[in-house]
Amino acid sequence: MSVFVKDKNFYRQFFILTLTIALQNVIVYSVNLADNVMLGKFDENAMAGVALVNQVQFMLQSMIMGLAEAALMFSSRNWGEKDITSIRKITNISVKCGLTLSFALFAIACFMPDMLLGLLSSDAKEVAEGVGYMRIICYTYPMFAVTQLLIYMLRSVETVRIGLITSISTLIINVCLNYVFIFGNFGFEPMGAKGAAIATLVSRSLELVIVCTYVFFVDKKVKMRIKHFGRMDRGLFRMYVKKGSPVFLSGTLWGFAQGVQTAVLGHTAGPTIKANSIAAVVFQMVSVVAYASASATSVVIGKAIGEGKKALVKPYAKTLQMLFLMIGIFTGAVLFLLKDPVISFYNISDEAKAVADQFMTVLAITVIGTSYQMPCHTGIVRAGGDTSFVLKVDSIFMWLVTIPIAAIASFVFNAPPVVVFICLKCDQILKCCPAVIKVNSFNYIKSLKTDGEKEITEQE
């Protein structure tokens, strides 16, 4: 068998999934970009306050994505086996877990916003702006959880266009309402950050309605109905917890680490939070192809294993690694070329612009590593069934390397923000080493059946 895949259907499937998911993610991130740019025009403190709240929201998103990716791992395997009943059962489990988490964070954000945001920044004005935004935006958390988990269920069966349509609708409504509520147009009073929160709340509500309508009344593959959200399958739930816990913990720790990183940067001198907010949003926009490739890879690998075509995993993995590197180089070049035009859109100080430029230059380099190791770990290894490896790698590099080094640089040596930022992002390059070794060992294909932890080999 050739080292690389020659089947045109493989490339067609991968690129259709990747580009559709990427376009959807671009539109999703455009909502945050629109909030940032429009609030940046309104007031710097409002933009910075919303950036703090977005870190909390990112924590929720990371946890929900952990649940969704665990469900995707199971469902894509079930899709290859044409086991629709199990897909419904996994969706029931993941949605209930997502609602539990989102309501817990909703309670904390609703009743203790001052304490929560005070952990991320020492700037009283930024925290005050963030509190007003958080008291409204927290109502979107359960909506976001259900919407994303249902979209991932559809993604596992290769239905991706509805997510794109939903995101386009959300963006249009959010931008229009931002224009009305943030700046006080059409007779409304200017509300700044609170106006952005109201716009997002309305947009998320519509998003939930569209997705639920499609899932329950239009979709012909899974044919999910309200009755399927009854009692959970205990055996499948135990397997979901067993195999999905490392995925969930990896996402949760990643989200928590981003909050810690913001706290470290937030206590450095200068307008670091504002610069990091700009860099983070732009990075999300241009790195969507890399992250989409991980989701597409999970579906491709999971489906192949589910269909019993385990011999294809090796050439698939070899080919995908080359594609990941190409995506990384392209993404880094785009980020570097776009940084100056994007920064010029913001009405911020020259000092903040200079720091944002430095941050985005660093990201233009590290995104090459991100584009390779992240889909290798979360797309190939995790879809194969080895869910604990990614958790171990992330935990080691995150908590024993990047955060301690960055904290020492910031609090002990008072290093410039860009040096602290480099320390926080160096793991994206370092994690390429274990990714290369693990992916090419091909020892990560495991059973996801409830009758045991049996390893699958190509000879079975």
# chains A, B, ... in the order shown; residues from 1 in each chain; ligands from 1
$ residues_around --residues "stretch 214-229 of chain A" --least-positions-apart "3" --cutoff "12 Å" --atoms "only C-alpha atoms" --output "PyMOL selection string"
chain A and resi 75+78-79+82-97+146-147+149-163+165-166+207-211+232-233
$ residues_around --residues "A:Ile365" --least-positions-apart "6" --cutoff "10 Å" --atoms "only C-alpha atoms" --output "ChimeraX atom specification"
/A:328-329,331-333,335-336,425-426,428-429
$ select_by_dssp --residues "stretch 36-239 of chain A" --states "helix (DSSP H, G or I)" --output "ChimeraX atom specification"
/A:36-42,44-81,84-111,113-118,124-156,161-181,193-217,226-229,234-239
$ closest_atom_pairs --of "stretch 257-331 of chain A" --to "stretch 119-139 of chain A" --cutoff "10 Å" --atoms "only C-alpha atoms" --output "CSV"
residue,atom,partner,partner_atom,distance
A:Gly259,CA,A:Leu120,CA,7.0
A:Val260,CA,A:Leu120,CA,7.5
A:Gln261,CA,A:Leu120,CA,9.0
A:Thr262,CA,A:Leu120,CA,6.4
A:Ala263,CA,A:Leu120,CA,4.4
A:Val264,CA,A:Leu120,CA,8.1
A:Leu265,CA,A:Ser121,CA,8.9
A:Gly266,CA,A:Ser121,CA,5.4
A:His267,CA,A:Ser121,CA,6.8
A:Ile273,CA,A:Ser121,CA,8.4
$ residues_around --residues "A:Asn276" --least-positions-apart "6" --cutoff "9 Å" --atoms "only C-alpha atoms" --output "list in words"
Ala51, Thr262, Leu265, Val355, Ala356, Phe359 and Met360 of chain A
$ residues_around --residues "A:Val289" --least-positions-apart "2" --cutoff "12 Å" --atoms "only C-alpha atoms" --output "VMD selection string"
chain A and resid 14 to 26 283 to 287 291 to 297 323 to 332 334 367 to 368 370 to 372 374 to 375
$ write_last_selection --atoms "C-alpha atoms" --output "compact mmCIF listing (two decimals), in the first residue's frame"
# COMPACT_ATOMS: atom_id res chain seq x y z
CA PHE A 14 -11.56 15.90 4.14
CA PHE A 15 -11.56 19.28 2.41
CA ILE A 16 -15.36 19.59 2.18
CA LEU A 17 -15.66 18.91 5.91
CA THR A 18 -12.68 21.12 6.80
CA LEU A 19 -13.66 24.11 4.69
CA THR A 20 -17.33 24.01 5.69
CA ILE A 21 -16.47 23.75 9.39
CA ALA A 22 -13.81 26.44 8.98
CA LEU A 23 -16.24 28.81 7.31
CA GLN A 24 -18.73 28.18 10.08
CA ASN A 25 -16.06 28.92 12.69
CA VAL A 26 -15.02 32.09 10.86
CA PHE A 283 -5.80 34.43 15.82
CA GLN A 284 -9.11 32.61 16.18
CA MET A 285 -10.23 34.00 12.84
CA VAL A 286 -7.20 32.88 10.84
CA SER A 287 -6.61 29.56 12.61
CA TYR A 291 -9.08 23.67 14.13
CA ALA A 292 -11.60 22.59 11.50
CA SER A 293 -9.10 20.08 10.16
CA ALA A 294 -9.05 18.42 13.59
CA SER A 295 -12.85 17.95 13.57
CA ALA A 296 -12.78 16.73 9.97
CA THR A 297 -9.98 14.30 10.80
CA LEU A 323 -1.80 18.49 5.06
CA PHE A 324 -1.59 19.81 8.63
CA LEU A 325 1.87 21.28 8.00
CA MET A 326 0.72 22.95 4.79
CA ILE A 327 -2.27 24.44 6.60
CA GLY A 328 0.02 25.73 9.37
CA ILE A 329 2.42 27.49 7.00
CA PHE A 330 -0.47 29.06 5.10
CA THR A 331 -2.17 30.20 8.31
CA GLY A 332 1.02 31.73 9.70
CA VAL A 334 -2.01 35.02 6.49
CA VAL A 367 0.43 28.61 14.73
CA ILE A 368 2.51 26.32 12.51
CA THR A 370 -0.58 24.40 16.56
CA SER A 371 -1.78 23.41 13.09
CA TYR A 372 0.29 20.23 13.21
CA MET A 374 -3.39 19.85 17.67
CA PRO A 375 -5.16 17.90 14.86
$ atom_distance --atom1 "atom CA of A:Gly118" --atom2 "atom CA of A:Ile422"
24.5 Å
$ residues_around --residues "A:Phe442" --least-positions-apart "4" --cutoff "9 Å" --atoms "only C-alpha atoms" --output "count of residues only"
5
$ closest_residue --among "A:Val28, A:Lys41, A:Leu363, A:Asp7" --to "A:Thr319" --atoms "only C-alpha atoms"
A:Asp7
$ residues_around --residues "A:Ala352" --least-positions-apart "3" --cutoff "6 Å" --atoms "only C-alpha atoms" --output "list of chain:residue names"
A:Pro271, A:Ala275, A:Ser349, A:Val355
$ atom_distance --atom1 "atom CA of A:Val299" --atom2 "atom CA of A:Arg77"
7.9 Å
$ atom_distance --atom1 "atom CA of A:Gly379" --atom2 "atom CA of A:Val362"
24.7 Å
$ closest_residue --among "A:Met143, A:Ala107, A:Leu206, A:Cys376" --to "A:Asn174" --atoms "only C-alpha atoms"
A:Leu206
